[in-house]
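Asker: First, the structure itself, so that you have it in front of you.
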Amino acid sequence: DQCSLQFLTWKSVFLLTLASAKRRSEIHALSIEDGHFRFNKDDGSATFLCETGFLAKTQLPSVAPVPFTIPSLSAVCGQQDTDRLLCPIRALKFYLSRVKISRGNRKRLFLPLKGSGDISAASISRWIACTIKKAYSSLSDRDLASLKIRPHELRALSSSWAFVNHTPLDDILKATFWRNSSTFSSFYLRS
């Protein structure tokens, strides 16, 4: 609750992207409109649905958008556990509280850091890349360049982590709108 809005935004976007394995366009299209977003009081999770009319890159037009739920780490982390600081729901609650006054009638979940306009999907990518660069700021410029930071790689890491931790492959494919496992194994699966 003490960090700048910039760092809070970056953290919220990064953790939500990591937890959901969504593309930047899907994170960009998240809405706080009625029926598109809610905190679940029973377990502390949050349920999301992209704005009306949004179609994910590989989503078939005949397939209705499906809400997705991100669990809260509060169910598994105690108050003294530092891992609770990595909870996307906790970060999102702080973020929403911080932007409440400046939100106005804007319905997109994430707002620009300055001004009253709108963000682009490229903003989401930029914020993710900045978060990763900030996390590795102790590296030399040469070592940082060797990381080849690409925000889309977060999608690969997220889905791979889910797979390694025994999330059913069908659940991963459904969440990412991949039609078959070969897309995952050929292009996204990481060791």
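Numbering starts fresh at 1 for the residues of each chain in the structure tokens, the chains themselves are lettered A, B, ... in the order given, and ligands are numbered from 1 as they appear.
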Would you mind listing what lies within 10 Å of Gly53 (chain A) as a list in words, with only C-alpha atoms counted and same-chain residues fewer than 6 positions away left out?
Answerer: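 Returned residues: Ala29, Pro61 and Pro65 of chain A.
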Asker: Store the residues picked out above in a file with N, CA and C atoms, as a PDB file, in the first residue's frame.
Answerer:
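Now in again.pdb:
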ATOM      1  N   ALA A  29      -8.367  -6.499 -22.240  1.00  0.00           N
ATOM      2  CA  ALA A  29      -9.827  -6.503 -22.427  1.00  0.00           C
ATOM      3  C   ALA A  29     -10.613  -6.821 -21.150  1.00  0.00           C
ATOM      4  N   PRO A  61     -15.218 -17.854 -33.080  1.00  0.00           N
ATOM      5  CA  PRO A  61     -16.380 -16.982 -32.865  1.00  0.00           C
ATOM      6  C   PRO A  61     -17.611 -17.738 -32.360  1.00  0.00           C
ATOM      7  N   PRO A  65     -17.497 -16.654 -24.743  1.00  0.00           N
ATOM      8  CA  PRO A  65     -16.427 -16.377 -23.783  1.00  0.00           C
ATOM      9  C   PRO A  65     -16.740 -17.040 -22.444  1.00  0.00           C
TER      10      PRO A  65
END
Asker: Would you return as a ChimeraX atom specification the members of region 42-174 of chain A that DSSP assigns to helix (DSSP H, G or I) on this structure's backbone?
Answerer: /A:73-75,82-86,88-103,121-135,141-146,153-164,169-174
Asker: Using only C-alpha atoms, find the one residue out of A:Leu111, A:Leu73, A:Arg150, A:Ser62 that sits nearest to Cys130 (chain A).
Answerer: A:Arg150
Asker: Do a neighbour search on Thr9 (chain A) at 9 Å with only C-alpha atoms, toss out local chain neighbours closer than 5 positions, and write the hits as a list in words.
Answerer: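 Selected residues are Ser4, Phe14, Ala91, Leu92, Tyr95, Phe110, Leu111, Leu113 and Trp127 of chain A.
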Asker: I need the residues of chain A that end up classed as strand (DSSP E or B) by DSSP on the backbone, written out as a list of chain:residue names.
Answerer: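 Selection result, strand (DSSP E or B) within chain A: A:Leu30, A:Ser31, A:Phe37, A:Arg38, A:Phe39, A:Ala46, A:Thr47, A:Phe48, A:Cys50, A:Phe68, A:Thr69, A:Ile70, A:Arg108.
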Asker: Quick one: everything within 9 Å of Ile132 (chain A), counting only C-alpha atoms, minus sequence neighbours fewer than 4 positions away in the same chain. Send it as JSON, numbers by chain.
Answerer: {"A": [14, 127, 128, 136, 137, 149, 151]}
Asker: For the selection just defined, write its residues with N, CA and C atoms to a file, as a PDB file, in the first residue's frame.
Answerer:
ATOM      1  N   PHE A  14       1.445  -8.024 -13.943  1.00  0.00           N
ATOM      2  CA  PHE A  14       2.363  -9.154 -14.024  1.00  0.00           C
ATOM      3  C   PHE A  14       1.785 -10.385 -13.325  1.00  0.00           C
ATOM      4  N   TRP A 127       4.392  -2.917 -19.560  1.00  0.00           N
ATOM      5  CA  TRP A 127       4.400  -3.019 -18.095  1.00  0.00           C
ATOM      6  C   TRP A 127       5.000  -4.348 -17.645  1.00  0.00           C
ATOM      7  N   ILE A 128       4.699  -5.424 -18.354  1.00  0.00           N
ATOM      8  CA  ILE A 128       5.264  -6.734 -18.001  1.00  0.00           C
ATOM      9  C   ILE A 128       6.777  -6.708 -18.204  1.00  0.00           C
ATOM     10  N   TYR A 136      15.291  -7.717 -12.373  1.00  0.00           N
ATOM     11  CA  TYR A 136      16.668  -8.081 -12.676  1.00  0.00           C
ATOM     12  C   TYR A 136      17.576  -6.855 -12.794  1.00  0.00           C
ATOM     13  N   SER A 137      17.219  -5.787 -12.131  1.00  0.00           N
ATOM     14  CA  SER A 137      17.974  -4.535 -12.266  1.00  0.00           C
ATOM     15  C   SER A 137      19.411  -4.637 -11.766  1.00  0.00           C
ATOM     16  N   ILE A 149      14.139 -10.413 -22.890  1.00  0.00           N
ATOM     17  CA  ILE A 149      12.846 -10.312 -22.212  1.00  0.00           C
ATOM     18  C   ILE A 149      11.736 -10.089 -23.219  1.00  0.00           C
ATOM     19  N   PRO A 151       7.498 -10.231 -23.104  1.00  0.00           N
ATOM     20  CA  PRO A 151       6.323 -10.423 -22.246  1.00  0.00           C
ATOM     21  C   PRO A 151       5.511 -11.672 -22.569  1.00  0.00           C
TER      22      PRO A 151
END
Asker: With only C-alpha atoms as the basis for distance, which of A:Val13, A:Leu8, A:Ala21, A:Ile70 is at the shortest distance from Leu157 (chain A)?
Answerer: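 For Leu157 (chain A), the nearest of the candidates is A:Ala21.
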Asker: Identify, on the basis of only C-alpha atoms, every residue whose closest approach to Leu55 (chain A) does not exceed 12 Å; exclude the query and any residue fewer than 6 positions from it along the same chain; express the result as a compact mmCIF listing (two decimals) with N, CA and C atoms, in the first residue's frame.
Answerer:
# COMPACT_ATOMS: atom_id res chain seq x y z
N ARG A 23 -3.08 -13.86 -22.81
CA ARG A 23 -2.33 -12.96 -23.68
C ARG A 23 -2.53 -11.51 -23.22
N SER A 25 -3.63 -9.12 -24.93
CA SER A 25 -4.91 -8.60 -25.41
C SER A 25 -6.05 -8.99 -24.47
N GLU A 26 -5.96 -10.17 -23.87
CA GLU A 26 -7.00 -10.61 -22.94
C GLU A 26 -6.94 -9.83 -21.63
N HIS A 28 -5.75 -6.85 -21.37
CA HIS A 28 -6.19 -5.52 -21.78
C HIS A 28 -7.72 -5.43 -21.83
N ALA A 29 -8.37 -6.50 -22.24
CA ALA A 29 -9.83 -6.50 -22.43
C ALA A 29 -10.61 -6.82 -21.15
N LEU A 30 -9.94 -6.98 -20.02
CA LEU A 30 -10.66 -7.25 -18.78
C LEU A 30 -11.47 -6.02 -18.38
N LEU A 49 -14.13 -11.77 -16.72
CA LEU A 49 -14.65 -12.00 -18.05
C LEU A 49 -14.26 -10.79 -18.90
N PRO A 61 -15.22 -17.85 -33.08
CA PRO A 61 -16.38 -16.98 -32.87
C PRO A 61 -17.61 -17.74 -32.36
N SER A 62 -17.68 -19.02 -32.66
CA SER A 62 -18.84 -19.81 -32.22
C SER A 62 -18.74 -20.24 -30.76
N VAL A 63 -17.59 -19.99 -30.14
CA VAL A 63 -17.39 -20.37 -28.74
C VAL A 63 -17.62 -19.15 -27.86
N ALA A 64 -18.57 -19.28 -26.96
CA ALA A 64 -18.89 -18.17 -26.05
C ALA A 64 -17.72 -17.93 -25.10
N PRO A 65 -17.50 -16.65 -24.74
CA PRO A 65 -16.43 -16.38 -23.78
C PRO A 65 -16.74 -17.04 -22.44
N VAL A 66 -15.70 -17.51 -21.81
CA VAL A 66 -15.84 -18.22 -20.54
C VAL A 66 -15.14 -17.42 -19.45
N PHE A 177 -7.10 -21.20 -24.88
CA PHE A 177 -7.76 -21.29 -26.18
C PHE A 177 -6.90 -22.01 -27.22
Asker: Contacts of Leu189 (chain A) at 6 Å or less, counting only C-alpha atoms, minus same-chain residues fewer than 4 places along, as a list in words?
Answerer: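 Near Leu189 (chain A), the qualifying residues are Ser160, Phe184 and Ser185 of chain A.
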Asker: Could you check which of A:Pro168, A:Arg108, A:Leu18, A:Leu139 is closest to Ala121 (chain A), using only C-alpha atoms?
Answerer: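 Under the stated criterion, the closest residue is A:Arg108.
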Asker: Looking at only C-alpha atoms, which of A:Lys11, A:Lys93, A:Val76, A:Phe163 is the one that sits closest to Phe39 (chain A)?
Answerer: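 The answer is A:Lys93, which sits nearest to Phe39 (chain A).
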